[in-house]
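Below: one structure, written as structure tokens.
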Amino acid sequence: RNVMSQGRPVKVTVTGAAGQIGYALLFRIASGHLLGPDVPVRLSLLEIPQAVKAAEGTAMELDDCAFPLLAGIDITDDANRAFDGANVGLLVGARPRTKGMERGDLLQANGGIFGPQGRAINDHAADDVRVLVVGNPANTNALIARSHAPDVPADRFTAMTRLDHNRALSQLAARLDVPVTAITKMTIWGNHSATQYPDLYNAEVNGKIAAEQVDEAWLRDTFIPTVAKRGAAIIEARGASSAASAANAALNHVHDWFNGTPEGDWTSVALSSDGSYGVPEGLISSFPAVSRGGEWHIVQGLPVNPFSRERIDTSVRELIEERDAVKELGLI
Ligand code: NAD
Ligand code: LMR
């Protein structure tokens, strides 16, 4: 069932709506960049109580844009209300790591957010709900949310590696002095973290394998670390983590989920593994994926050379460790 064929506004719930990604995201959702230029949306903003007032301020600004597609805005600090009837859930709000916080503390704090939100989605969202987790650690937060939503098909829970994908396109395009549109079949494998693996052995530039058009040292020592550590580089330069580019990637992800990926190309999506490419079933890991009929499908049968295998395995191992840690904490 395609929500867009129903003719009534699509309900889009955004968590962390008063944050910096929220501010970069909401205006573009309301102007049609999430689902398409003909699809009316109703926004539902979820925030913590202290930030509801700021979300109300953003809603005032949304009103002041008089967006023709914006059918209404609800603001709440109650997840059950926020996800009531939601067709799309953008889970952006998360607990950032602060000074003195151990990894376990971070996972625990996020478990306290994504567990209840997963449950609220399970109990209140529309049957066709589709969820994108942006808040970090995105893959494992998506795993936590999914595990609290046993009645929602597992393939409706995804995490974002589209920003990493776009970063990889941009770095490669700059290196080869080609437009980003010359590049197809880019893949980010694994975790949205510094262990992620951007794969140039399957990517193509003007229809030819990308890895054959760059030297190996650049691929290994510059390209991979630049893409994988770009998030940290942005924080270093901007004094805050990426916001507009993250919002843009979230729009790209959901837009393609609803409208399909172009023929002859694919994109990168962290989704529940079906065991493909040796990634343990159920782990939320990034794969090459196409979207057809509102569903993601992992692209099968791509060659994985030993260099790629080692890197995919490293990132997947990290995801397994995160999964085991949240299991240990009783969060899944
Ligand atoms: P931010 O701190 O500016 O905003 C986060 C917002 O979430 C805050 O307004 C906060 O009040 C809210 N929030 C916290 N707990 C909440 C809860 N339980 N329910 C609802 N809202 C809640 O952060 P930001 O810059 O907007 O980034 C948000 C998240 O996205 C961070 O975890 C960041 O690391 C992550 N991120 C992911 C990617 C990616 O590619 N996957 C890229 C950039 C940022
Ligand atoms: C990014 O990739 O820009 C973010 O995930 C970085 C971060 O740690 O918030």
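Just remember, in the structure tokens the first chain shown is A, the second B, etc., residues are 1-based per chain, and ligands are 1-based in the order shown.
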- Return as an NGL selection string the residues of protein, DNA or RNA that approach ligand 1 to within 8 Å, with only C-alpha atoms and all ligand atoms taken into account. :A and (15-23 or 46-48 or 50-51 or 77 or 79 or 92-96 or 112-114 or 117 or 133-138 or 159-164 or 192 or 231 or 240-243 or 245-247 or 249)
Please produce a file of those selected residues containing N, CA and C atoms, as a tab-separated table (two decimals), in the first residue's frame.
chain	number	residue	atom	x	y	z
A	15	THR	N	11.20	13.43	15.60
A	15	THR	CA	11.64	13.55	17.00
A	15	THR	C	12.87	14.45	17.04
A	16	GLY	N	13.06	15.11	18.17
A	16	GLY	CA	14.18	16.05	18.26
A	16	GLY	C	13.96	17.24	17.36
A	17	ALA	N	12.67	17.61	17.21
A	17	ALA	CA	12.29	18.61	16.22
A	17	ALA	C	12.89	19.99	16.48
A	18	ALA	N	13.23	20.27	17.74
A	18	ALA	CA	13.79	21.60	18.06
A	18	ALA	C	15.32	21.63	17.95
A	19	GLY	N	15.90	20.52	17.56
A	19	GLY	CA	17.36	20.47	17.42
A	19	GLY	C	17.82	21.06	16.10
A	20	GLN	N	19.13	21.00	15.88
A	20	GLN	CA	19.65	21.66	14.68
A	20	GLN	C	19.30	20.89	13.39
A	21	ILE	N	19.28	19.57	13.43
A	21	ILE	CA	18.84	18.86	12.22
A	21	ILE	C	17.35	19.14	11.99
A	22	GLY	N	16.60	19.13	13.08
A	22	GLY	CA	15.16	19.42	12.96
A	22	GLY	C	14.92	20.74	12.23
A	23	TYR	N	15.71	21.75	12.59
A	23	TYR	CA	15.51	23.07	11.97
A	23	TYR	C	15.83	23.06	10.49
A	46	LEU	N	7.91	15.82	18.04
A	46	LEU	CA	8.11	15.27	19.39
A	46	LEU	C	9.38	15.87	19.98
A	47	GLU	N	9.25	16.39	21.18
A	47	GLU	CA	10.42	16.94	21.88
A	47	GLU	C	10.33	16.58	23.36
A	48	ILE	N	11.43	16.79	24.06
A	48	ILE	CA	11.40	16.65	25.51
A	48	ILE	C	10.73	17.91	26.07
A	50	GLN	N	11.41	20.33	28.07
A	50	GLN	CA	12.16	21.60	28.08
A	50	GLN	C	12.27	22.22	26.69
A	51	ALA	N	12.10	21.43	25.64
A	51	ALA	CA	12.33	21.94	24.28
A	51	ALA	C	11.03	22.13	23.50
A	77	ASP	N	5.19	16.32	23.89
A	77	ASP	CA	6.31	15.60	24.52
A	77	ASP	C	5.89	14.17	24.85
A	79	ALA	N	5.28	10.54	23.35
A	79	ALA	CA	5.58	9.73	22.15
A	79	ALA	C	4.33	9.02	21.61
A	92	VAL	N	15.19	11.54	15.05
A	92	VAL	CA	16.39	12.39	15.02
A	92	VAL	C	16.91	12.65	16.44
A	93	GLY	N	16.01	12.87	17.37
A	93	GLY	CA	16.39	13.21	18.74
A	93	GLY	C	17.11	12.05	19.41
A	94	ALA	N	18.26	12.34	19.97
A	94	ALA	CA	19.03	11.30	20.66
A	94	ALA	C	19.83	11.96	21.76
A	95	ARG	N	20.41	11.14	22.59
A	95	ARG	CA	21.22	11.66	23.69
A	95	ARG	C	22.66	11.71	23.21
A	96	PRO	N	23.23	12.91	23.05
A	96	PRO	CA	24.62	12.97	22.62
A	96	PRO	C	25.55	12.54	23.74
A	112	GLY	N	16.75	4.33	26.62
A	112	GLY	CA	15.62	4.97	27.29
A	112	GLY	C	14.79	5.83	26.35
A	113	ILE	N	15.36	6.20	25.22
A	113	ILE	CA	14.62	7.00	24.22
A	113	ILE	C	14.01	6.09	23.15
A	114	PHE	N	14.84	5.22	22.56
A	114	PHE	CA	14.40	4.47	21.38
A	114	PHE	C	13.54	3.26	21.73
A	117	GLN	N	10.02	4.83	22.19
A	117	GLN	CA	9.54	5.31	20.88
A	117	GLN	C	9.18	4.14	19.96
A	133	VAL	N	15.99	6.10	11.36
A	133	VAL	CA	16.69	6.57	12.55
A	133	VAL	C	17.94	7.35	12.13
A	134	VAL	N	18.01	8.58	12.61
A	134	VAL	CA	19.15	9.46	12.33
A	134	VAL	C	20.02	9.61	13.58
A	135	GLY	N	19.38	9.67	14.74
A	135	GLY	CA	20.09	9.89	16.01
A	135	GLY	C	21.10	8.79	16.28
A	136	ASN	N	22.28	9.18	16.71
A	136	ASN	CA	23.37	8.23	16.91
A	136	ASN	C	23.35	7.56	18.28
A	137	PRO	N	23.91	6.34	18.40
A	137	PRO	CA	24.43	5.49	17.31
A	137	PRO	C	23.26	4.91	16.49
A	138	ALA	N	23.14	5.40	15.24
A	138	ALA	CA	21.90	5.22	14.47
A	138	ALA	C	21.53	3.74	14.25
A	159	ALA	N	18.19	2.75	9.29
A	159	ALA	CA	19.05	3.79	9.86
A	159	ALA	C	19.79	4.47	8.72
A	160	MET	N	20.28	5.66	9.00
A	160	MET	CA	20.78	6.50	7.91
A	160	MET	C	22.28	6.35	7.65
A	161	THR	N	22.61	5.90	6.44
A	161	THR	CA	23.98	6.01	5.94
A	161	THR	C	24.00	6.78	4.62
A	162	ARG	N	22.88	7.45	4.32
A	162	ARG	CA	22.82	8.20	3.08
A	162	ARG	C	23.76	9.41	3.10
A	163	LEU	N	23.98	9.96	4.29
A	163	LEU	CA	24.92	11.08	4.36
A	163	LEU	C	26.33	10.60	4.01
A	164	ASP	N	26.70	9.44	4.52
A	164	ASP	CA	28.01	8.87	4.19
A	164	ASP	C	28.09	8.60	2.69
A	192	HIS	N	27.16	3.23	10.65
A	192	HIS	CA	27.37	4.68	10.51
A	192	HIS	C	28.35	5.10	11.61
A	231	GLY	N	32.23	13.11	9.59
A	231	GLY	CA	31.38	13.62	10.67
A	231	GLY	C	32.21	14.35	11.72
A	240	ALA	N	29.91	22.11	15.70
A	240	ALA	CA	28.65	21.40	15.89
A	240	ALA	C	28.55	20.33	14.82
A	241	SER	N	27.79	19.28	15.08
A	241	SER	CA	27.76	18.21	14.10
A	241	SER	C	26.92	18.62	12.89
A	242	SER	N	27.14	17.90	11.81
A	242	SER	CA	26.48	18.20	10.54
A	242	SER	C	24.98	18.29	10.75
A	243	ALA	N	24.36	19.28	10.14
A	243	ALA	CA	22.92	19.44	10.33
A	243	ALA	C	22.19	19.50	8.99
A	245	SER	N	23.35	18.96	5.99
A	245	SER	CA	23.68	17.81	5.13
A	245	SER	C	23.02	16.54	5.66
A	246	ALA	N	22.90	16.44	6.98
A	246	ALA	CA	22.22	15.28	7.57
A	246	ALA	C	20.72	15.33	7.22
A	247	ALA	N	20.15	16.52	7.33
A	247	ALA	CA	18.73	16.68	6.98
A	247	ALA	C	18.51	16.35	5.51
A	249	ALA	N	20.24	14.36	3.63
A	249	ALA	CA	20.35	12.92	3.42
A	249	ALA	C	19.09	12.19	3.89
- Task: Would you mind listing what lies within 9 Å of segment 122-125 of chain A as an MDAnalysis selection string, with only C-alpha atoms counted and same-chain residues fewer than 6 positions away left out?
- Result: chainID A and resid 80:89 146 148:152
- When you draw a straight line from atom CA of Leu91 of chain A to atom CA of Ala142 of chain A, how long is it in Å?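 Atom CA of Ala142 of chain A lies at a distance of 8.8 Å from atom CA of Leu91 of chain A.
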- Message: Please compute the atom CA of Ala24 of chain A-atom CA of Lys185 of chain A distance, one decimal, in Å.
- Response: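 Going from atom CA of Ala24 of chain A over to atom CA of Lys185 of chain A covers 27.4 Å.
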- Task: Find the residues around segment 281-296 of chain A up to 6 Å (only C-alpha atoms counted), leave out those fewer than 2 positions away in its own chain, and share them as a list of chain:residue names.
- Result: A:Asn139, A:Thr187, A:Trp189, A:Gly190, A:Asn191, A:Trp257, A:Phe258, A:Gly260, A:Thr261, A:Trp266, A:Thr267, A:Ser268, A:Val269, A:Ala270, A:Leu271, A:Ser272, A:Ser273, A:Asp274, A:Gly275, A:Ile298, A:Val299
- Query: Pick the closest to Gly207 of chain A from A:Gly301, A:Gly264, A:Gly72, A:Gly115: which is it, counting only C-alpha atoms?
  - Reply: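 Comparing A:Gly301, A:Gly264, A:Gly72, A:Gly115 against Gly207 of chain A, the winner is A:Gly264.
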- Query: Which residues in segment 184-265 of chain A does DSSP call helix (DSSP H, G or I)? List them as an MDAnalysis selection string.
  - Reply: chainID A and resid 210:213 216:228 230:238 244:259
Those residues you just picked out, can you put them in a file as a compact mmCIF listing (two decimals), in the first residue's frame with N, CA and C atoms?
# COMPACT_ATOMS: atom_id res chain seq x y z
N ALA A 210 35.01 2.47 -10.56
CA ALA A 210 35.68 3.64 -9.97
C ALA A 210 37.08 3.31 -9.48
N ALA A 211 37.24 2.14 -8.84
CA ALA A 211 38.54 1.78 -8.26
C ALA A 211 39.64 1.76 -9.31
N GLU A 212 39.27 1.50 -10.56
CA GLU A 212 40.26 1.44 -11.64
C GLU A 212 40.63 2.83 -12.16
N GLN A 213 39.92 3.84 -11.67
CA GLN A 213 40.19 5.20 -12.15
C GLN A 213 40.91 6.07 -11.10
N GLU A 216 45.46 3.25 -5.90
CA GLU A 216 45.08 2.46 -4.74
C GLU A 216 45.41 3.17 -3.43
N ALA A 217 46.55 3.89 -3.41
CA ALA A 217 46.94 4.57 -2.17
C ALA A 217 45.91 5.64 -1.81
N TRP A 218 45.42 6.36 -2.82
CA TRP A 218 44.39 7.38 -2.54
C TRP A 218 43.13 6.73 -2.01
N LEU A 219 42.73 5.64 -2.66
CA LEU A 219 41.51 4.94 -2.23
C LEU A 219 41.62 4.52 -0.76
N ARG A 220 42.78 3.91 -0.44
CA ARG A 220 42.96 3.32 0.90
C ARG A 220 43.27 4.39 1.97
N ASP A 221 44.17 5.32 1.64
CA ASP A 221 44.70 6.22 2.69
C ASP A 221 44.01 7.58 2.74
N THR A 222 43.31 7.93 1.69
CA THR A 222 42.64 9.23 1.69
C THR A 222 41.12 9.09 1.60
N PHE A 223 40.66 8.42 0.55
CA PHE A 223 39.21 8.35 0.32
C PHE A 223 38.46 7.72 1.50
N ILE A 224 38.85 6.50 1.86
CA ILE A 224 38.10 5.79 2.91
C ILE A 224 38.11 6.58 4.22
N PRO A 225 39.29 6.97 4.73
CA PRO A 225 39.25 7.72 6.01
C PRO A 225 38.56 9.08 5.91
N THR A 226 38.67 9.75 4.76
CA THR A 226 38.00 11.06 4.64
C THR A 226 36.49 10.89 4.76
N VAL A 227 35.94 9.89 4.07
CA VAL A 227 34.49 9.67 4.13
C VAL A 227 34.10 9.20 5.54
N ALA A 228 34.86 8.27 6.07
CA ALA A 228 34.48 7.65 7.34
C ALA A 228 34.60 8.61 8.52
N ARG A 230 34.37 12.01 8.20
CA ARG A 230 33.85 13.32 7.81
C ARG A 230 32.99 13.94 8.91
N GLY A 231 32.23 13.11 9.59
CA GLY A 231 31.38 13.62 10.67
C GLY A 231 32.21 14.35 11.72
N ALA A 232 33.34 13.73 12.10
CA ALA A 232 34.22 14.34 13.10
C ALA A 232 34.86 15.61 12.54
N ALA A 233 35.21 15.59 11.26
CA ALA A 233 35.84 16.77 10.64
C ALA A 233 34.87 17.96 10.61
N ILE A 234 33.59 17.67 10.40
CA ILE A 234 32.58 18.74 10.40
C ILE A 234 32.43 19.32 11.81
N ILE A 235 32.42 18.44 12.79
CA ILE A 235 32.30 18.90 14.19
C ILE A 235 33.49 19.81 14.53
N GLU A 236 34.66 19.37 14.11
CA GLU A 236 35.89 20.13 14.35
C GLU A 236 35.81 21.52 13.69
N ALA A 237 35.33 21.56 12.45
CA ALA A 237 35.31 22.82 11.70
C ALA A 237 34.17 23.74 12.12
N ARG A 238 33.01 23.15 12.36
CA ARG A 238 31.80 23.94 12.58
C ARG A 238 31.51 24.18 14.06
N ALA A 244 22.53 20.50 8.16
CA ALA A 244 21.83 20.64 6.87
C ALA A 244 22.12 19.44 5.97
N SER A 245 23.35 18.96 5.99
CA SER A 245 23.68 17.81 5.13
C SER A 245 23.02 16.54 5.66
N ALA A 246 22.90 16.44 6.98
CA ALA A 246 22.22 15.28 7.57
C ALA A 246 20.72 15.33 7.22
N ALA A 247 20.15 16.52 7.33
CA ALA A 247 18.73 16.68 6.98
C ALA A 247 18.51 16.35 5.51
N ASN A 248 19.41 16.83 4.67
CA ASN A 248 19.30 16.56 3.23
C ASN A 248 19.34 15.07 2.93
N ALA A 249 20.24 14.36 3.63
CA ALA A 249 20.35 12.92 3.42
C ALA A 249 19.09 12.19 3.89
N ALA A 250 18.51 12.66 4.98
CA ALA A 250 17.26 12.04 5.48
C ALA A 250 16.14 12.21 4.44
N LEU A 251 16.09 13.39 3.83
CA LEU A 251 15.09 13.63 2.78
C LEU A 251 15.34 12.70 1.60
N ASN A 252 16.59 12.58 1.18
CA ASN A 252 16.95 11.69 0.06
C ASN A 252 16.49 10.25 0.36
N HIS A 253 16.78 9.80 1.58
CA HIS A 253 16.48 8.41 1.98
C HIS A 253 14.97 8.14 1.87
N VAL A 254 14.19 9.00 2.52
CA VAL A 254 12.74 8.75 2.55
C VAL A 254 12.13 8.98 1.16
N HIS A 255 12.63 9.98 0.46
CA HIS A 255 12.12 10.24 -0.90
C HIS A 255 12.29 9.00 -1.77
N ASP A 256 13.48 8.39 -1.71
CA ASP A 256 13.72 7.20 -2.53
C ASP A 256 12.90 6.00 -2.05
N TRP A 257 12.70 5.91 -0.76
CA TRP A 257 11.90 4.80 -0.20
C TRP A 257 10.48 4.84 -0.79
N PHE A 258 9.92 6.06 -0.86
CA PHE A 258 8.55 6.21 -1.38
C PHE A 258 8.48 6.22 -2.90
N ASN A 259 9.49 6.82 -3.51
CA ASN A 259 9.38 7.07 -4.96
C ASN A 259 10.23 6.14 -5.81
- Message: List as a VMD selection string the protein and nucleic acid residues near Ile332 of chain A, meaning an atom at most 10 Å away when only C-alpha atoms are counted, but skip any in the same chain fewer than 6 places from it.
- Response: chain A and resid 111 115 140 143 to 148 323 to 326
- Do you know which residues are at most 7 Å from Ala182 of chain A counting only C-alpha atoms, after dropping those on the same chain fewer than 3 positions away, and could you put them as a list of chain:residue names?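 The filter keeps A:Val178, A:Pro179, A:Val205, A:Asn206.
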- Which distance in Å separates atom CA of Thr13 of chain A and atom CA of Arg130 of chain A, to one decimal?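 Straight-line distance from atom CA of Thr13 of chain A to atom CA of Arg130 of chain A works out to 10.4 Å.
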- Message: Which residue is closest to ligand 2? Choose from A:Ala203, A:Pro116, A:His297, A:Arg97 and count only C-alpha atoms and all ligand atoms.
- Response: A:Arg97
- Closest of A:Ile121, A:Asp265, A:Ala173, A:Phe27 to Asp64 of chain A, counting only C-alpha atoms, is A:Phe27
Contacts of segment 115-227 of chain A with segment 308-316 of chain A up to 10 Å, shortest pair per row, only C-alpha atoms, as CSV:
residue,atom,partner,partner_atom,distance
A:Ile188,CA,A:Ile312,CA,9.4
A:Trp189,CA,A:Ile312,CA,6.2
A:Gly190,CA,A:Ser315,CA,5.1
A:Asn191,CA,A:Ser315,CA,5.8
A:His192,CA,A:Ser315,CA,9.0
A:Ser193,CA,A:Ser315,CA,8.3
A:Ala194,CA,A:Ser315,CA,8.5
A:Thr195,CA,A:Ser315,CA,5.0
A:Gln196,CA,A:Ser315,CA,5.7
A:Tyr197,CA,A:Arg311,CA,6.1
A:Pro198,CA,A:Ser308,CA,9.1
A:Asp199,CA,A:Ser308,CA,7.2
A:Leu200,CA,A:Ser308,CA,9.3
A:Tyr201,CA,A:Ser308,CA,8.2
Go ahead and save the residues from that selection, with C-alpha atoms, as a JSON list (two decimals), in the first residue's frame.
[["chain", "number", "residue", "atom", "x", "y", "z"],
["A", 188, "ILE", "CA", 28.47, 2.28, 2.14],
["A", 189, "TRP", "CA", 28.72, -1.01, 4.02],
["A", 190, "GLY", "CA", 28.32, -1.56, 7.75],
["A", 191, "ASN", "CA", 27.93, 0.90, 10.58],
["A", 192, "HIS", "CA", 27.37, 4.68, 10.51],
["A", 193, "SER", "CA", 30.67, 5.13, 12.33],
["A", 194, "ALA", "CA", 34.35, 5.45, 11.54],
["A", 195, "THR", "CA", 34.46, 1.73, 10.65],
["A", 196, "GLN", "CA", 32.05, 2.15, 7.72],
["A", 197, "TYR", "CA", 33.34, 0.97, 4.35],
["A", 198, "PRO", "CA", 32.72, 3.09, 1.24],
["A", 199, "ASP", "CA", 33.20, 0.68, -1.69],
["A", 200, "LEU", "CA", 34.78, 1.89, -4.94],
["A", 201, "TYR", "CA", 35.15, -1.63, -6.38]]
